[in-house]
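Colleague: So here's entry.cif (mmCIF, C-alpha atoms and all ligand atoms).
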data_target
loop_
_atom_site.label_atom_id
_atom_site.label_comp_id
_atom_site.auth_asym_id
_atom_site.auth_seq_id
_atom_site.Cartn_x
_atom_site.Cartn_y
_atom_site.Cartn_z
CA MET A 516 113.84 115.67 101.27
CA MET A 517 110.25 114.54 101.83
CA LYS A 518 109.30 111.35 99.93
CA LEU A 519 105.69 110.89 98.85
CA SER A 520 104.18 107.81 97.25
CA PHE A 521 100.76 107.47 95.68
CA SER A 522 99.59 105.50 98.76
CA ARG A 523 100.56 108.45 100.95
CA LEU A 524 98.78 110.91 98.69
CA ASP A 525 95.68 108.75 98.62
CA LEU A 526 95.62 108.30 102.38
CA TYR A 527 96.17 111.99 103.15
CA LEU A 528 93.34 112.94 100.78
CA GLN A 529 91.11 110.39 102.49
CA CYS A 530 91.89 111.37 106.09
CA PRO A 531 94.93 113.43 107.18
CA LEU A 532 94.64 112.09 110.74
CA LYS A 533 94.82 108.50 109.54
CA TYR A 534 97.91 109.53 107.55
CA LYS A 535 99.47 110.79 110.78
CA TYR A 536 98.64 107.63 112.71
CA ARG A 537 100.14 105.42 110.00
CA TYR A 538 103.14 107.39 108.73
CA ILE A 539 104.14 109.83 111.48
CA ASP A 540 103.18 107.95 114.66
CA LYS A 541 103.83 104.59 112.95
CA ILE A 542 100.95 102.85 114.73
CA LYS A 543 100.67 99.39 113.19
CA GLU A 544 97.42 98.31 111.54
CA LYS A 545 96.02 94.78 111.47
CA PRO A 546 97.17 92.76 108.44
CA SER A 547 94.22 92.44 106.08
CA PRO A 548 93.16 89.46 103.96
CA TYR A 549 92.52 91.79 100.99
CA ALA A 550 96.06 93.20 101.15
CA ALA A 551 97.51 89.65 101.39
CA PHE A 552 95.35 88.54 98.47
CA GLY A 553 96.31 91.54 96.31
CA LEU A 554 100.01 91.03 97.00
CA SER A 555 99.80 87.31 96.15
CA ILE A 556 98.12 88.04 92.80
CA HIS A 557 100.62 90.81 91.96
CA ARG A 558 103.60 88.55 92.67
CA THR A 559 102.09 85.69 90.66
CA ILE A 560 101.51 87.94 87.63
CA GLN A 561 105.06 89.29 87.89
CA GLN A 562 106.42 85.76 87.66
CA PHE A 563 104.06 84.90 84.80
CA PHE A 564 105.40 87.79 82.71
CA THR A 565 109.03 87.06 83.55
CA HIS A 566 108.78 83.29 82.95
CA PRO A 567 112.36 82.20 82.14
CA GLU A 568 111.81 80.23 78.93
CA GLY A 569 109.07 80.16 76.30
CA VAL A 570 105.40 80.50 77.13
CA PRO A 571 104.24 79.54 80.64
CA THR A 572 101.57 76.85 81.04
CA ILE A 573 98.56 77.15 83.31
CA TYR A 574 100.39 74.83 85.75
CA ASP A 575 103.33 77.23 85.81
CA LEU A 576 100.86 79.95 86.77
CA TYR A 577 99.35 77.83 89.57
CA ASN A 578 102.87 77.03 90.81
CA TYR A 579 103.68 80.75 90.83
CA LEU A 580 100.54 81.33 92.89
CA GLU A 581 101.63 78.69 95.42
CA ALA A 582 105.12 80.21 95.67
CA SER A 583 103.75 83.76 95.96
CA TRP A 584 100.93 83.10 98.40
CA VAL A 585 101.01 85.46 101.41
CA ARG A 586 99.48 83.75 104.44
CA GLU A 587 99.52 86.60 106.93
CA GLY A 588 96.21 88.46 107.26
CA TYR A 589 93.63 85.66 107.19
CA THR A 590 91.58 85.05 110.31
CA SER A 591 91.11 81.28 109.78
CA PRO A 592 92.28 78.44 107.50
CA LYS A 593 88.75 78.37 106.06
CA GLU A 594 88.93 82.04 105.08
CA GLU A 595 92.39 81.55 103.57
CA ALA A 596 91.20 78.53 101.55
CA SER A 597 88.27 80.47 100.18
CA PHE A 598 90.51 83.39 99.11
CA LYS A 599 92.91 80.95 97.47
CA GLU A 600 90.08 79.31 95.58
CA ASN A 601 89.06 82.75 94.30
CA ALA A 602 92.64 83.55 93.35
CA LYS A 603 92.82 80.37 91.27
CA LYS A 604 89.58 81.19 89.47
CA MET A 605 90.70 84.74 88.79
CA LEU A 606 94.08 83.60 87.48
CA THR A 607 92.53 80.91 85.26
CA LYS A 608 90.60 83.66 83.47
CA PHE A 609 93.70 85.86 83.45
CA TYR A 610 95.64 83.05 81.78
CA GLN A 611 93.00 82.58 79.07
CA ASP A 612 92.98 86.33 78.37
CA ASN A 613 96.75 86.73 78.21
CA ILE A 614 98.25 83.57 76.81
CA VAL A 615 97.35 84.04 73.12
CA ASN A 616 99.42 87.17 72.59
CA TYR A 617 101.81 86.39 75.45
CA LEU A 618 104.63 88.91 75.60
CA LYS A 619 107.34 88.98 78.24
CA ALA A 620 107.35 92.17 80.30
CA CYS A 621 110.01 94.77 79.64
CA THR A 622 110.20 95.42 83.40
CA VAL A 623 108.21 94.45 86.50
CA GLU A 624 108.10 96.19 89.88
CA GLN A 625 110.46 98.94 88.70
CA TYR A 626 111.43 101.52 91.32
CA PHE A 627 111.11 105.20 90.37
CA GLU A 628 111.70 108.64 91.81
CA VAL A 629 110.25 111.85 90.40
CA HIS A 630 112.25 114.78 91.78
CA THR A 631 110.80 118.25 92.38
CA ASN A 632 112.31 121.21 94.28
CA ASP A 633 110.36 120.38 97.44
CA PHE A 634 109.73 116.63 97.49
CA ILE A 635 110.28 113.32 95.71
CA ILE A 636 107.49 111.11 94.44
CA ASN A 637 108.56 107.47 94.65
CA GLY A 638 107.13 104.00 94.22
CA TYR A 639 107.14 100.99 91.94
CA ILE A 640 105.62 100.56 88.47
CA ASP A 641 103.85 97.17 88.27
CA GLN A 642 104.83 96.44 84.67
CA VAL A 643 106.11 98.04 81.48
CA ASN A 644 105.50 96.39 78.09
CA LYS A 645 107.20 97.25 74.82
CA ARG A 646 105.28 96.40 71.66
CA GLY A 647 107.27 97.46 68.60
CA ASN A 648 107.99 101.11 69.25
CA THR A 649 105.23 101.63 71.74
CA TYR A 650 105.45 101.46 75.50
CA GLU A 651 102.63 100.77 77.93
CA VAL A 652 102.57 100.89 81.70
CA VAL A 653 100.29 98.33 83.38
CA GLU A 654 98.70 98.82 86.77
CA TYR A 655 96.99 95.70 88.18
CA LYS A 656 94.02 95.87 90.52
CA THR A 657 92.16 93.12 92.35
CA SER A 658 89.43 95.17 94.00
CA LYS A 659 85.73 94.49 93.59
CA ASN A 660 84.98 98.05 92.57
CA GLY A 661 86.20 98.63 89.05
CA LYS A 662 86.54 102.03 87.38
CA SER A 663 84.75 103.50 84.40
CA MET A 664 86.84 105.02 81.61
CA GLU A 665 85.88 108.48 82.82
CA GLU A 666 87.04 107.70 86.39
CA ALA A 667 90.27 106.12 85.17
CA GLU A 668 91.09 109.23 83.10
CA LYS A 669 90.91 111.31 86.29
CA ASP A 670 92.69 108.75 88.45
CA LEU A 671 95.67 110.13 90.36
CA GLN A 672 97.41 106.76 90.53
CA ILE A 673 97.35 106.31 86.76
CA ALA A 674 98.68 109.86 86.32
CA THR A 675 101.41 109.11 88.89
CA TYR A 676 102.63 106.07 86.92
CA HIS A 677 102.59 108.13 83.73
CA LEU A 678 104.92 110.66 85.44
CA ALA A 679 107.00 107.80 86.82
CA PHE A 680 107.55 106.33 83.36
CA LYS A 681 108.52 109.75 82.00
CA SER A 682 111.05 110.22 84.78
CA ILE A 683 112.74 106.90 83.92
CA TYR A 684 112.54 106.88 80.12
CA GLY A 685 112.53 110.62 79.35
CA PHE A 686 109.39 110.43 77.21
CA PRO A 687 105.73 109.63 78.00
CA PRO A 688 104.30 106.11 77.66
CA ASN A 689 101.82 105.55 74.83
CA GLN A 690 99.26 104.53 77.42
CA VAL A 691 98.76 103.45 81.02
CA ILE A 692 96.62 100.33 81.30
CA TYR A 693 94.34 100.00 84.27
CA TYR A 694 93.79 96.24 84.46
CA ASN A 695 91.17 94.92 86.86
CA VAL A 696 92.17 91.26 87.19
CA ARG A 697 88.94 90.39 89.02
CA SER A 698 86.65 91.50 86.17
CA GLY A 699 89.19 91.12 83.36
CA VAL A 700 88.50 94.71 82.23
CA LYS A 701 91.49 96.60 80.78
CA LEU A 702 91.28 100.35 80.19
CA GLY A 703 93.98 102.10 78.19
CA ILE A 704 94.49 105.68 79.35
CA LYS A 705 96.39 108.45 77.63
CA VAL A 706 97.28 110.90 80.40
CA THR A 707 96.83 114.53 79.32
CA PRO A 708 99.15 117.47 80.19
CA GLN A 709 96.26 118.91 82.26
CA MET A 710 96.10 115.70 84.28
CA GLU A 711 99.90 115.81 84.75
CA GLU A 712 99.55 119.31 86.18
CA PHE A 713 96.65 118.29 88.37
CA VAL A 714 98.43 115.31 89.91
CA MET A 715 101.56 117.39 90.56
CA GLN A 716 99.45 120.05 92.25
CA SER A 717 97.84 117.36 94.42
CA TYR A 718 101.27 116.18 95.62
CA LYS A 719 102.30 119.81 96.28
CA ASP A 720 99.13 120.39 98.32
CA ILE A 721 99.64 117.38 100.54
CA ALA A 722 103.36 118.12 100.94
CA SER A 723 102.48 121.57 102.31
CA GLY A 724 99.73 120.06 104.51
CA ILE A 725 102.21 117.58 106.01
CA LEU A 726 104.88 120.26 106.54
CA ALA A 727 102.33 122.51 108.26
CA GLU A 728 101.20 119.50 110.35
CA ARG A 729 97.60 119.74 109.19
CA PHE A 730 96.31 116.40 110.42
CA HIS A 731 92.59 116.92 110.95
CA PHE A 732 90.22 113.98 110.88
CA GLN A 733 87.94 113.50 107.89
CA VAL A 734 84.95 111.30 108.56
CA GLY A 735 83.49 109.22 105.73
CA ILE A 736 82.65 105.75 104.52
CA HIS A 737 86.37 104.88 104.85
CA CYS A 738 86.04 105.07 108.67
CA HIS A 739 84.24 101.76 108.50
CA TRP A 740 87.50 99.87 107.79
CA CYS A 741 89.84 102.21 109.71
CA ASP A 742 91.94 100.43 112.36
CA TYR A 743 92.32 103.65 114.34
CA GLN A 744 88.65 104.08 115.25
CA LYS A 745 89.41 103.40 118.93
CA ILE A 746 91.91 106.24 119.21
CA CYS A 747 90.30 108.68 116.77
CA PRO A 748 88.97 111.78 118.59
CA ASP A 749 85.88 111.62 116.41
CA ARG A 750 84.73 108.37 117.95
CA GLU A 751 81.20 109.73 118.15
CA GLY A 752 81.26 110.46 114.45
CA VAL A 753 82.65 107.05 113.72
CA SER A 754 80.17 105.09 115.74
CA GLY A 755 77.34 107.62 115.88
CA GLY A 756 74.93 108.96 113.35
CA GLN A 757 77.19 111.12 111.15
CA ILE A 758 78.01 108.47 108.57
CA ASN A 759 75.43 107.04 106.23
CA PHE A 760 76.75 103.65 105.23
CA PRO A 761 75.13 102.25 102.11
CA PHE A 762 74.81 98.80 103.72
S1 LIG B 1 88.16 106.71 112.07
FE1 LIG B 1 87.79 107.96 110.24
S2 LIG B 1 88.18 110.07 110.89
FE2 LIG B 1 89.12 108.72 112.42
S3 LIG B 1 91.24 108.44 111.74
FE3 LIG B 1 90.06 106.76 110.89
S4 LIG B 1 89.47 107.45 108.86
FE4 LIG B 1 90.08 109.27 110.01
#
As structure tokens, how would this structure be written, given the file I've shared?

Modeller:
Amino acid sequence: MMKLSFSRLDLYLQCPLKYKYRYIDKIKEKPSPYAAFGLSIHRTIQQFFTHPEGVPTIYDLYNYLEASWVREGYTSPKEEASFKENAKKMLTKFYQDNIVNYLKACTVEQYFEVHTNDFIINGYIDQVNKRGNTYEVVEYKTSKNGKSMEEAEKDLQIATYHLAFKSIYGFPPNQVIYYNVRSGVKLGIKVTPQMEEFVMQSYKDIASGILAERFHFQVGIHCHWCDYQKICPDREGVSGGQINFPF
């Protein structure tokens, strides 16, 4: 049965041809410093919230960063050092914001599968917290562009993790927290039944697109950081005047 993750959904919605290059043709992309950075922060936070005994110190957190640091993806030692410096700053603020009411995670990086008649949605939930009788799912982000509350309420990834929690626990979480570690902003989202339907429909739509082999290119701002520009048939669109970059 076809397995679809949120990353697959997101990529297909962005550009079906890029989806084909990555997932069907399996053409490797260049490792990126942002991906390495994001992974390092995620792993560090996981260890912070599963610290074996008592409350972790700031030095424990720095040690977790050292142990979790992903080196692949940086173009020079200077670039890597600058990213690491940023990671330390970001985590220092994270520590200050989370140490007062420190609570060990219920689970981290939990695998899930949501089964439907035609496909399976799978992936990993960053973190689940249990506070008294309430459960919250946490999704960590390290990107520069944060989301407004309105955007987060319509976010397909947040709705996906809500469905994921339901499939594991049999009831919905009290909220899904969208936590931008870079800015420190946490948004608590209550996913509505309408949003559940919408996200399911989105997965159904891309599943039928993939089955029907609809892999057309979709030009946009995302082409700027697409590794497949050289082989994309819309090279003119990519390098020519069809895209208005805001920089
Ligand atoms: S360059 Fe743009 S249109 Fe071409 S595959 Fe990449 S994202 Fe799609």

Colleague: Residues proximal to (106.1, 80.6, 84.9) were defined as those with any atom within 9 Å of that point in the file's coordinates, counting all atoms listed in the file. Which are they, as a ChimeraX atom specification?

Modeller: /A:559,562-568,570-579

Colleague: Could you tell me how far CA of Lys705 (chain A) lies from CA of Lys719 (chain A), in Å and to one decimal?

Modeller: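 Computing the Euclidean distance for CA of Lys705 (chain A) and CA of Lys719 (chain A) yields 22.6 Å.
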
Colleague: Please extract the residues at most 9 Å from ligand LIG 1 (chain B), counting all atoms listed in the file, and provide them as a CSV table (one decimal) with C-alpha atoms, keeping the file's coordinate frame, using the chain letters and residue numbers of this document.

Modeller:
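Okay, selection-v7.csv is ready:
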chain,number,residue,atom,x,y,z
A,526,LEU,CA,95.6,108.3,102.4
A,529,GLN,CA,91.1,110.4,102.5
A,530,CYS,CA,91.9,111.4,106.1
A,531,PRO,CA,94.9,113.4,107.2
A,532,LEU,CA,94.6,112.1,110.7
A,533,LYS,CA,94.8,108.5,109.5
A,534,TYR,CA,97.9,109.5,107.6
A,535,LYS,CA,99.5,110.8,110.8
A,536,TYR,CA,98.6,107.6,112.7
A,731,HIS,CA,92.6,116.9,111.0
A,732,PHE,CA,90.2,114.0,110.9
A,733,GLN,CA,87.9,113.5,107.9
A,734,VAL,CA,85.0,111.3,108.6
A,735,GLY,CA,83.5,109.2,105.7
A,736,ILE,CA,82.6,105.8,104.5
A,737,HIS,CA,86.4,104.9,104.8
A,738,CYS,CA,86.0,105.1,108.7
A,739,HIS,CA,84.2,101.8,108.5
A,740,TRP,CA,87.5,99.9,107.8
A,741,CYS,CA,89.8,102.2,109.7
A,742,ASP,CA,91.9,100.4,112.4
A,743,TYR,CA,92.3,103.6,114.3
A,744,GLN,CA,88.6,104.1,115.2
A,745,LYS,CA,89.4,103.4,118.9
A,746,ILE,CA,91.9,106.2,119.2
A,747,CYS,CA,90.3,108.7,116.8
A,748,PRO,CA,89.0,111.8,118.6
A,749,ASP,CA,85.9,111.6,116.4
A,750,ARG,CA,84.7,108.4,118.0
A,752,GLY,CA,81.3,110.5,114.4
A,753,VAL,CA,82.6,107.0,113.7
A,754,SER,CA,80.2,105.1,115.7

Colleague: From the set A:Gln690, A:Asn695, A:Thr631, A:Thr649, which residue has the shortest atom-to-atom contact distance to Gly553 (chain A), counting all atoms listed in the file?

Modeller: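 Closest residue, counting all atoms listed in the file: A:Asn695.
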
Colleague: Please report the interatomic distance between CA of Phe598 (chain A) and CA of Ala582 (chain A) in Å with one decimal.

Modeller: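 Distance reported for this atom pair: 15.3 Å.
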
Colleague: How many Å separate CA of Tyr639 (chain A) from CA of Glu624 (chain A)?

Modeller: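 Atom-to-atom, CA of Tyr639 (chain A) to CA of Glu624 (chain A), that is 5.3 Å.
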
Colleague: Mind checking which residues fall within 8 Å of Leu519 (chain A), counting only C-alpha atoms, ignoring those fewer than 5 positions away in the same chain, and posting them as a PyMOL selection string?

Modeller: chain A and resi 524+634-637+718+722

Colleague: Can you tell me which residues surround Gly647 (chain A) at a distance of at most 12 Å, considering only C-alpha atoms, apart from same-chain residues fewer than 4 positions away, and format the answer as an MDAnalysis selection string?

Modeller: chainID A and resid 618 621 651 689
